[in-house]
$ cat entry_34.pdb   # PDB, C-alpha atoms
ATOM      1  CA  MET A   1      -7.419  35.830 -42.286
ATOM      2  CA  ASP A   2     -10.653  34.811 -40.599
ATOM      3  CA  LEU A   3     -11.166  31.898 -42.947
ATOM      4  CA  ALA A   4      -7.533  30.843 -42.625
ATOM      5  CA  GLY A   5      -7.811  30.920 -38.836
ATOM      6  CA  ARG A   6     -10.836  28.624 -38.803
ATOM      7  CA  THR A   7      -9.809  26.090 -41.424
ATOM      8  CA  PRO A   8     -11.695  22.871 -40.674
ATOM      9  CA  THR A   9      -9.688  19.666 -40.712
ATOM     10  CA  LYS A  10     -11.129  16.206 -41.168
ATOM     11  CA  HIS A  11     -10.080  13.749 -38.489
ATOM     12  CA  TRP A  12     -10.573  10.006 -38.657
ATOM     13  CA  ARG A  13     -12.876  10.184 -35.649
ATOM     14  CA  ASP A  14     -14.985  12.742 -37.497
ATOM     15  CA  ALA A  15     -15.189  10.439 -40.483
ATOM     16  CA  ALA A  16     -16.240   7.537 -38.237
ATOM     17  CA  THR A  17     -18.795   9.461 -36.161
ATOM     18  CA  GLY A  18     -20.030  11.880 -38.796
ATOM     19  CA  PHE A  19     -19.129  14.971 -36.725
ATOM     20  CA  THR A  20     -16.808  17.708 -37.904
ATOM     21  CA  ARG A  21     -14.548  19.500 -35.456
ATOM     22  CA  THR A  22     -13.262  22.994 -36.084
ATOM     23  CA  THR A  23      -9.556  23.599 -35.463
ATOM     24  CA  PHE A  24      -8.412  27.139 -34.718
ATOM     25  CA  GLY A  25      -5.313  28.408 -36.459
ATOM     26  CA  ALA A  26      -2.255  29.620 -34.617
ATOM     27  CA  ASP A  27      -3.496  33.216 -34.778
ATOM     28  CA  ARG A  28      -6.854  32.305 -33.250
ATOM     29  CA  ARG A  29      -5.765  30.143 -30.303
ATOM     30  CA  PRO A  30      -6.675  31.706 -26.946
ATOM     31  CA  ARG A  31      -3.764  32.754 -24.792
ATOM     32  CA  GLY A  32      -3.459  34.294 -21.347
ATOM     33  CA  LYS A  33      -6.493  36.453 -20.639
ATOM     34  CA  GLY A  34      -8.269  34.881 -23.586
ATOM     35  CA  VAL A  35      -8.364  31.582 -21.674
ATOM     36  CA  ILE A  36      -9.826  33.364 -18.627
ATOM     37  CA  LEU A  37     -12.440  34.967 -20.860
ATOM     38  CA  LEU A  38     -13.464  31.585 -22.250
ATOM     39  CA  LYS A  39     -13.801  30.193 -18.720
ATOM     40  CA  ILE A  40     -15.981  33.130 -17.704
ATOM     41  CA  LYS A  41     -18.185  32.681 -20.742
ATOM     42  CA  ALA A  42     -18.581  28.965 -20.004
ATOM     43  CA  PHE A  43     -19.478  29.743 -16.373
ATOM     44  CA  LEU A  44     -22.089  32.282 -17.438
ATOM     45  CA  GLU A  45     -23.583  29.812 -19.889
ATOM     46  CA  ARG A  46     -23.868  27.162 -17.161
ATOM     47  CA  SER A  47     -25.299  29.602 -14.641
ATOM     48  CA  ALA A  48     -27.887  30.771 -17.191
ATOM     49  CA  ARG A  49     -29.262  27.239 -17.255
ATOM     50  CA  VAL A  50     -29.758  27.269 -13.441
ATOM     51  CA  THR A  51     -33.188  28.835 -13.200
ATOM     52  CA  VAL A  52     -35.137  29.734 -10.063
ATOM     53  CA  SER A  53     -37.039  26.454 -10.231
ATOM     54  CA  VAL A  54     -33.775  24.490 -10.333
ATOM     55  CA  GLY A  55     -32.469  26.372  -7.279
ATOM     56  CA  LYS A  56     -35.674  25.726  -5.348
ATOM     57  CA  ALA A  57     -35.546  22.031  -6.209
ATOM     58  CA  ALA A  58     -31.949  21.821  -4.975
ATOM     59  CA  LEU A  59     -32.824  23.527  -1.676
ATOM     60  CA  GLU A  60     -35.813  21.263  -1.156
ATOM     61  CA  LEU A  61     -33.712  18.171  -1.815
ATOM     62  CA  ALA A  62     -31.084  19.318   0.668
ATOM     63  CA  SER A  63     -33.774  20.018   3.267
ATOM     64  CA  ASP A  64     -35.323  16.587   2.757
ATOM     65  CA  ARG A  65     -31.957  14.859   3.133
ATOM     66  CA  LYS A  66     -31.189  16.807   6.296
ATOM     67  CA  ALA A  67     -34.557  15.909   7.762
ATOM     68  CA  GLY A  68     -34.061  12.274   6.849
ATOM     69  CA  GLY A  69     -30.593  12.113   8.420
ATOM     70  CA  THR A  70     -28.719  11.756   5.135
ATOM     71  CA  GLY A  71     -27.396  15.302   4.785
ATOM     72  CA  LEU A  72     -23.743  16.323   4.737
ATOM     73  CA  ALA A  73     -23.559  17.088   8.461
ATOM     74  CA  ALA A  74     -25.354  13.857   9.368
ATOM     75  CA  ARG A  75     -23.019  11.783   7.199
ATOM     76  CA  ALA A  76     -19.955  13.449   8.753
ATOM     77  CA  GLU A  77     -21.250  12.765  12.275
ATOM     78  CA  ALA A  78     -22.063   9.161  11.404
ATOM     79  CA  ARG A  79     -18.577   8.666   9.982
ATOM     80  CA  ALA A  80     -16.938  10.110  13.111
ATOM     81  CA  ALA A  81     -19.064   7.865  15.359
ATOM     82  CA  ALA A  82     -18.168   4.828  13.256
ATOM     83  CA  GLN A  83     -14.469   5.619  13.574
ATOM     84  CA  VAL A  84     -14.760   5.813  17.372
ATOM     85  CA  VAL A  85     -16.564   2.464  17.455
ATOM     86  CA  ASP A  86     -13.920   0.873  15.208
ATOM     87  CA  ALA A  87     -11.095   2.217  17.383
ATOM     88  CA  LYS A  88     -12.649   0.791  20.556
ATOM     89  CA  ALA A  89     -13.226  -2.535  18.804
ATOM     90  CA  ASN A  90      -9.565  -2.662  17.763
ATOM     91  CA  VAL A  91      -8.448  -1.998  21.337
ATOM     92  CA  ALA A  92     -10.665  -4.801  22.615
ATOM     93  CA  LYS A  93      -9.311  -7.097  19.900
ATOM     94  CA  ARG A  94      -5.716  -6.379  20.873
ATOM     95  CA  MET A  95      -6.467  -6.910  24.562
ATOM     96  CA  ALA A  96      -8.105 -10.243  23.808
ATOM     97  CA  SER A  97      -5.151 -11.442  21.730
ATOM     98  CA  LYS A  98      -2.930 -14.187  23.197
ATOM     99  CA  THR A  99       0.223 -12.632  21.810
ATOM    100  CA  MET A 100       2.706 -11.476  24.491
ATOM    101  CA  THR A 101       0.236 -12.257  27.295
ATOM    102  CA  GLN A 102       2.881 -14.318  29.106
ATOM    103  CA  TYR A 103       5.003 -11.179  29.549
ATOM    104  CA  ASP A 104       3.830  -8.893  32.323
ATOM    105  CA  ALA A 105       5.416  -6.183  34.450
ATOM    106  CA  ALA A 106       6.763  -8.723  36.963
ATOM    107  CA  TYR A 107       8.432 -10.709  34.192
ATOM    108  CA  PHE A 108      10.196  -7.647  32.763
ATOM    109  CA  ALA A 109      11.330  -6.559  36.238
ATOM    110  CA  THR A 110      12.838  -9.995  36.940
ATOM    111  CA  ALA A 111      14.515 -10.169  33.536
ATOM    112  CA  ALA A 112      15.996  -6.685  33.934
ATOM    113  CA  ALA A 113      17.406  -7.541  37.379
ATOM    114  CA  ALA A 114      19.009 -10.729  36.044
ATOM    115  CA  SER A 115      20.450  -9.087  32.932
ATOM    116  CA  ASP A 116      24.158  -8.373  33.010
ATOM    117  CA  PRO A 117      25.318  -7.468  29.507
ATOM    118  CA  PRO A 118      29.058  -7.185  28.861
ATOM    119  CA  ARG A 119      30.491  -3.733  29.274
ATOM    120  CA  LEU A 120      32.871  -2.230  26.757
ATOM    121  CA  ASP A 121      36.132  -0.976  28.174
ATOM    122  CA  LEU A 122      36.614   2.084  26.019
ATOM    123  CA  GLY A 123      40.217   3.147  25.794
ATOM    124  CA  LYS A 124      41.394  -0.243  27.023
ATOM    125  CA  LEU A 125      43.287  -3.086  25.370
ATOM    126  CA  ASP A 126      42.303  -6.677  26.161
ATOM    127  CA  LEU A 127      45.419  -8.838  26.088
ATOM    128  CA  LEU A 128      43.317 -12.005  26.190
ATOM    129  CA  ASN A 129      41.947 -10.952  22.801
ATOM    130  CA  PRO A 130      44.969  -9.107  21.408
ATOM    131  CA  PRO A 131      44.921  -6.922  18.278
ATOM    132  CA  SER A 132      47.362  -7.184  15.376
ATOM    133  CA  LYS A 133      51.092  -7.551  15.871
ATOM    134  CA  GLU A 134      51.760  -4.020  14.591
ATOM    135  CA  ILE A 135      49.459  -2.447  17.169
ATOM    136  CA  LEU A 136      51.073  -4.521  19.939
ATOM    137  CA  ALA A 137      54.503  -3.408  18.725
ATOM    138  CA  GLN A 138      53.429   0.223  18.760
ATOM    139  CA  GLU A 139      51.971  -0.201  22.250
ATOM    140  CA  CYS A 140      55.310  -1.560  23.445
ATOM    141  CA  GLU A 141      57.328   1.229  21.840
ATOM    142  CA  LEU A 142      55.052   3.913  23.277
ATOM    143  CA  ARG A 143      55.963   2.450  26.694
ATOM    144  CA  ASP A 144      59.685   2.464  25.799
ATOM    145  CA  LEU A 145      59.732  -1.327  25.606
ATOM    146  CA  PRO A 146      62.085  -2.909  23.042
ATOM    147  CA  VAL A 147      60.627  -4.420  19.867
ATOM    148  CA  LYS A 148      62.529  -6.362  17.230
ATOM    149  CA  ARG A 149      61.882  -5.058  13.716
ATOM    150  CA  SER A 150      63.161  -5.933  10.268
ATOM    151  CA  GLY A 151      65.796  -3.820   8.579
ATOM    152  CA  ASP A 152      65.293  -1.009   6.114
ATOM    153  CA  ASN A 153      66.619  -2.999   3.139
ATOM    154  CA  THR A 154      64.421  -6.055   3.616
ATOM    155  CA  ALA A 155      61.341  -7.015   1.627
ATOM    156  CA  TYR A 156      59.122  -5.729   4.449
ATOM    157  CA  PRO A 157      61.087  -2.932   6.119
ATOM    158  CA  ARG A 158      60.531  -1.930   9.737
ATOM    159  CA  GLN A 159      58.006  -4.695  10.436
ATOM    160  CA  ALA A 160      57.747  -6.324  13.858
ATOM    161  CA  THR A 161      59.386  -9.751  13.734
ATOM    162  CA  GLU A 162      58.564 -11.009  17.218
ATOM    163  CA  LEU A 163      55.735 -13.380  17.972
ATOM    164  CA  VAL A 164      52.465 -11.960  19.239
ATOM    165  CA  GLN A 165      52.759 -14.019  22.432
ATOM    166  CA  PHE A 166      56.040 -12.323  23.338
ATOM    167  CA  LEU A 167      54.633  -8.831  22.769
ATOM    168  CA  VAL A 168      51.535  -9.643  24.817
ATOM    169  CA  GLN A 169      53.607 -11.014  27.694
ATOM    170  CA  ARG A 170      55.868  -7.961  27.610
ATOM    171  CA  LEU A 171      52.874  -5.641  27.938
ATOM    172  CA  ARG A 172      51.365  -7.847  30.653
ATOM    173  CA  ASP A 173      54.576  -7.768  32.664
ATOM    174  CA  PHE A 174      54.796  -3.990  32.268
ATOM    175  CA  HIS A 175      51.324  -3.650  33.853
ATOM    176  CA  ASP A 176      51.989  -6.083  36.721
ATOM    177  CA  GLY A 177      50.179  -9.024  35.144
ATOM    178  CA  SER A 178      46.997  -7.188  34.146
ATOM    179  CA  ASN A 179      45.209  -8.267  30.954
ATOM    180  CA  ASN A 180      43.228  -5.025  30.659
ATOM    181  CA  ILE A 181      45.676  -2.214  29.959
ATOM    182  CA  PRO A 182      45.296   1.363  28.663
ATOM    183  CA  LYS A 183      45.399   1.701  24.873
ATOM    184  CA  LEU A 184      47.904   4.345  23.814
ATOM    185  CA  THR A 185      47.684   3.969  20.056
ATOM    186  CA  SER A 186      45.045   5.736  17.980
ATOM    187  CA  PHE A 187      41.787   4.111  16.929
ATOM    188  CA  GLY A 188      42.963   3.362  13.388
ATOM    189  CA  ALA A 189      46.566   2.432  14.193
ATOM    190  CA  GLY A 190      48.013  -0.589  12.453
ATOM    191  CA  LYS A 191      48.723  -1.793   8.958
ATOM    192  CA  LYS A 192      45.530  -0.245   7.554
ATOM    193  CA  LEU A 193      47.066   3.217   7.791
ATOM    194  CA  MET A 194      50.533   2.232   6.583
ATOM    195  CA  SER A 195      49.755   3.324   3.028
ATOM    196  CA  TRP A 196      48.559   6.736   4.252
ATOM    197  CA  ASN A 197      51.873   7.618   5.782
ATOM    198  CA  SER A 198      54.777   7.900   3.381
ATOM    199  CA  ASN A 199      57.342   8.729   6.076
ATOM    200  CA  SER A 200      56.495   6.181   8.779
ATOM    201  CA  GLY A 201      58.476   2.992   8.815
ATOM    202  CA  GLY A 202      56.595   1.592  11.779
ATOM    203  CA  GLY A 203      57.339   2.016  15.418
ATOM    204  CA  ALA A 204      55.349   5.259  15.788
ATOM    205  CA  ASP A 205      51.765   6.387  15.898
ATOM    206  CA  ILE A 206      50.792   6.262  12.233
ATOM    207  CA  THR A 207      47.874   8.659  12.642
ATOM    208  CA  GLU A 208      50.164  11.248  14.196
ATOM    209  CA  ASN A 209      52.717  10.880  11.395
ATOM    210  CA  TYR A 210      49.948  11.181   8.822
ATOM    211  CA  ALA A 211      48.780  14.427  10.420
ATOM    212  CA  ASN A 212      52.371  15.704  10.349
ATOM    213  CA  ASP A 213      52.614  14.898   6.642
ATOM    214  CA  LEU A 214      49.483  16.959   5.962
ATOM    215  CA  SER A 215      50.719  19.913   8.003
ATOM    216  CA  SER A 216      54.136  19.879   6.287
ATOM    217  CA  PRO A 217      53.558  19.345   2.562
ATOM    218  CA  PRO A 218      56.632  18.916   0.298
TER     219      PRO A 218
END
$ encode --input "entry_34.pdb" --output "structure tokens"
Amino acid sequence: MDLAGRTPTKHWRDAATGFTRTTFGADRRPRGKGVILLKIKAFLERSARVTVSVGKAALELASDRKAGGTGLAARAEARAAAQVVDAKANVAKRMASKTMTQYDAAYFATAAAASDPPRLDLGKLDLLNPPSKEILAQECELRDLPVKRSGDNTAYPRQATELVQFLVQRLRDFHDGSNNIPKLTSFGAGKKLMSWNSNSGGGADITENYANDLSSPP
């Protein structure tokens, strides 16, 4: 068993270098605590080579480096000081740069006072930039205004057939000529949600009908 566990095998590297490596069999491979034992043995072998003279030489070398300013603590302090110097140099370099020097506090204050970005009228409908015809038709019907739609047996049933200009003018007249009116339809109202609602033929809030379909399954 011992011979079988330590059967030497010839590798091509061994043939080229002239050395022979010993391969342990499966029953002789270290596992678990055996690996720890090998590590301990290797540590003890290394520590046995560190004699008293070697320890003294190491201490003397460390003392000489510390006295000469090249020890570990001295190198750490020198590195920290160099980092502080580099940081201050970078600040001075940025301050001396010509980039953005034409913009000062007075410039930003003047620009902010003169700035008047457009405001969004949330929940409003701009008739000068009207949405789709279907949304305009729904807006009219939610205000009980008449809207002409196609019949149920047509190619496109229950679609608004009036021109957008007529629907816009009808909404404008309803709100006493205002072009900024409240939006009564949902955010996603229009033809995009037509396919979601199997029961709506137009003329109603599609999102509401879709919610009713979900709450009342067939």
$ resolve_selection --input "entry_34.pdb" --expression "the PyMOL selection byres ((chain A and resi 137) around 7)" --output "list in words"
Lys133, Glu134, Ile135, Leu136, Gln138, Glu139, Cys140, Glu141, Val147, Ala160, Leu167 and Gly203 of chain A
$ atom_distance --input "entry_34.pdb" --atom1 "CA of Leu128 (chain A)" --atom2 "CA of Asn180 (chain A)"
8.3 Å
$ atom_distance --input "entry_34.pdb" --atom1 "CA of Leu145 (chain A)" --atom2 "CA of Phe166 (chain A)"
11.8 Å
$ resolve_selection --input "entry_34.pdb" --expression "the PyMOL selection byres ((chain A and resi 159) around 8)" --output "PyMOL selection string"
chain A and resi 134+149-150+156-158+160-161+201-202
$ atom_distance --input "entry_34.pdb" --atom1 "CA of Lys124 (chain A)" --atom2 "CA of Lys148 (chain A)"
24.1 Å
$ closest_residue --input "entry_34.pdb" --among "A:Lys183, A:Arg79, A:Lys41, A:Lys33" --to "Leu122 (chain A)" --atoms "only C-alpha atoms"
A:Lys183
$ axis_aligned_box --input "entry_34.pdb" --around "region 156-168 of chain A" --padding-each-side "5 Å" --output "lines of an AutoDock Vina configuration file"
center_x = 56.3
center_y = -8.0
center_z = 14.6
size_x = 19.6
size_y = 22.1
size_z = 30.4
$ closest_residue --input "entry_34.pdb" --among "A:Lys98, A:Gly32, A:Ser132, A:Ser186" --to "Glu162 (chain A)" --atoms "only C-alpha atoms"
A:Ser132
$ build_atoms --input "entry_34.pdb" --residues "region 39-50 of chain A" --atoms "all heavy atoms" --output "mmCIF file, keeping the file's coordinate frame"
data_model
loop_
_atom_site.group_PDB
_atom_site.id
_atom_site.type_symbol
_atom_site.label_atom_id
_atom_site.label_comp_id
_atom_site.auth_asym_id
_atom_site.auth_seq_id
_atom_site.Cartn_x
_atom_site.Cartn_y
_atom_site.Cartn_z
ATOM 1 N N LYS A 39 -13.292 30.824 -19.935
ATOM 2 C CA LYS A 39 -13.801 30.193 -18.720
ATOM 3 C C LYS A 39 -14.986 30.976 -18.154
ATOM 4 O O LYS A 39 -15.967 30.400 -17.680
ATOM 5 C CB LYS A 39 -12.678 30.069 -17.683
ATOM 6 C CG LYS A 39 -11.600 29.061 -18.037
ATOM 7 C CD LYS A 39 -10.551 28.970 -16.950
ATOM 8 C CE LYS A 39 -9.512 27.914 -17.298
ATOM 9 N NZ LYS A 39 -10.092 26.544 -17.311
ATOM 10 N N ILE A 40 -14.879 32.303 -18.203
ATOM 11 C CA ILE A 40 -15.981 33.130 -17.704
ATOM 12 C C ILE A 40 -17.235 32.931 -18.550
ATOM 13 O O ILE A 40 -18.351 32.803 -18.029
ATOM 14 C CB ILE A 40 -15.556 34.613 -17.677
ATOM 15 C CG1 ILE A 40 -14.445 34.825 -16.649
ATOM 16 C CG2 ILE A 40 -16.748 35.502 -17.368
ATOM 17 C CD1 ILE A 40 -13.877 36.218 -16.648
ATOM 18 N N LYS A 41 -17.046 32.893 -19.862
ATOM 19 C CA LYS A 41 -18.185 32.681 -20.742
ATOM 20 C C LYS A 41 -18.842 31.328 -20.476
ATOM 21 O O LYS A 41 -20.068 31.205 -20.429
ATOM 22 C CB LYS A 41 -17.747 32.783 -22.195
ATOM 23 C CG LYS A 41 -17.415 34.194 -22.659
ATOM 24 C CD LYS A 41 -17.033 34.199 -24.127
ATOM 25 C CE LYS A 41 -16.761 35.620 -24.620
ATOM 26 N NZ LYS A 41 -16.393 35.635 -26.056
ATOM 27 N N ALA A 42 -18.026 30.295 -20.276
ATOM 28 C CA ALA A 42 -18.581 28.965 -20.004
ATOM 29 C C ALA A 42 -19.336 28.956 -18.673
ATOM 30 O O ALA A 42 -20.404 28.341 -18.554
ATOM 31 C CB ALA A 42 -17.454 27.932 -19.993
ATOM 32 N N PHE A 43 -18.790 29.667 -17.672
ATOM 33 C CA PHE A 43 -19.478 29.743 -16.373
ATOM 34 C C PHE A 43 -20.818 30.453 -16.503
ATOM 35 O O PHE A 43 -21.827 30.028 -15.931
ATOM 36 C CB PHE A 43 -18.583 30.463 -15.367
ATOM 37 C CG PHE A 43 -19.267 30.770 -14.070
ATOM 38 C CD1 PHE A 43 -19.513 29.783 -13.132
ATOM 39 C CD2 PHE A 43 -19.705 32.062 -13.799
ATOM 40 C CE1 PHE A 43 -20.156 30.071 -11.941
ATOM 41 C CE2 PHE A 43 -20.350 32.358 -12.614
ATOM 42 C CZ PHE A 43 -20.580 31.355 -11.684
ATOM 43 N N LEU A 44 -20.835 31.550 -17.258
ATOM 44 C CA LEU A 44 -22.089 32.282 -17.438
ATOM 45 C C LEU A 44 -23.118 31.450 -18.190
ATOM 46 O O LEU A 44 -24.318 31.513 -17.890
ATOM 47 C CB LEU A 44 -21.815 33.601 -18.179
ATOM 48 C CG LEU A 44 -20.963 34.624 -17.412
ATOM 49 C CD1 LEU A 44 -20.687 35.847 -18.280
ATOM 50 C CD2 LEU A 44 -21.651 35.037 -16.119
ATOM 51 N N GLU A 45 -22.641 30.669 -19.162
ATOM 52 C CA GLU A 45 -23.583 29.812 -19.889
ATOM 53 C C GLU A 45 -24.176 28.752 -18.969
ATOM 54 O O GLU A 45 -25.370 28.453 -19.036
ATOM 55 C CB GLU A 45 -22.863 29.160 -21.069
ATOM 56 C CG GLU A 45 -22.505 30.149 -22.179
ATOM 57 C CD GLU A 45 -21.715 29.484 -23.283
ATOM 58 O OE1 GLU A 45 -21.426 28.254 -23.145
ATOM 59 O OE2 GLU A 45 -21.363 30.159 -24.270
ATOM 60 N N ARG A 46 -23.345 28.161 -18.089
ATOM 61 C CA ARG A 46 -23.868 27.162 -17.161
ATOM 62 C C ARG A 46 -24.823 27.791 -16.153
ATOM 63 O O ARG A 46 -25.863 27.221 -15.811
ATOM 64 C CB ARG A 46 -22.718 26.469 -16.432
ATOM 65 C CG ARG A 46 -21.887 25.556 -17.320
ATOM 66 C CD ARG A 46 -21.013 24.644 -16.486
ATOM 67 N NE ARG A 46 -20.142 25.400 -15.585
ATOM 68 C CZ ARG A 46 -18.930 25.826 -15.888
ATOM 69 N NH1 ARG A 46 -18.437 25.586 -17.105
ATOM 70 N NH2 ARG A 46 -18.211 26.493 -15.019
ATOM 71 N N SER A 47 -24.450 28.957 -15.636
ATOM 72 C CA SER A 47 -25.299 29.602 -14.641
ATOM 73 C C SER A 47 -26.628 30.061 -15.246
ATOM 74 O O SER A 47 -27.638 30.132 -14.545
ATOM 75 C CB SER A 47 -24.573 30.805 -14.033
ATOM 76 O OG SER A 47 -24.268 31.768 -15.030
ATOM 77 N N ALA A 48 -26.630 30.365 -16.556
ATOM 78 C CA ALA A 48 -27.887 30.771 -17.191
ATOM 79 C C ALA A 48 -28.889 29.632 -17.239
ATOM 80 O O ALA A 48 -30.109 29.854 -17.276
ATOM 81 C CB ALA A 48 -27.604 31.290 -18.606
ATOM 82 N N ARG A 49 -28.360 28.377 -17.225
ATOM 83 C CA ARG A 49 -29.262 27.239 -17.255
ATOM 84 C C ARG A 49 -29.842 26.921 -15.875
ATOM 85 O O ARG A 49 -30.784 26.149 -15.769
ATOM 86 C CB ARG A 49 -28.516 26.015 -17.790
ATOM 87 C CG ARG A 49 -28.120 26.143 -19.269
ATOM 88 C CD ARG A 49 -27.687 24.806 -19.828
ATOM 89 N NE ARG A 49 -26.450 24.329 -19.196
ATOM 90 C CZ ARG A 49 -25.224 24.566 -19.669
ATOM 91 N NH1 ARG A 49 -25.089 25.311 -20.777
ATOM 92 N NH2 ARG A 49 -24.168 24.101 -19.068
ATOM 93 N N VAL A 50 -29.248 27.494 -14.802
ATOM 94 C CA VAL A 50 -29.758 27.269 -13.441
ATOM 95 C C VAL A 50 -30.846 28.309 -13.185
ATOM 96 O O VAL A 50 -30.588 29.441 -12.775
ATOM 97 C CB VAL A 50 -28.627 27.382 -12.405
ATOM 98 C CG1 VAL A 50 -29.176 27.133 -11.002
ATOM 99 C CG2 VAL A 50 -27.516 26.411 -12.730
#
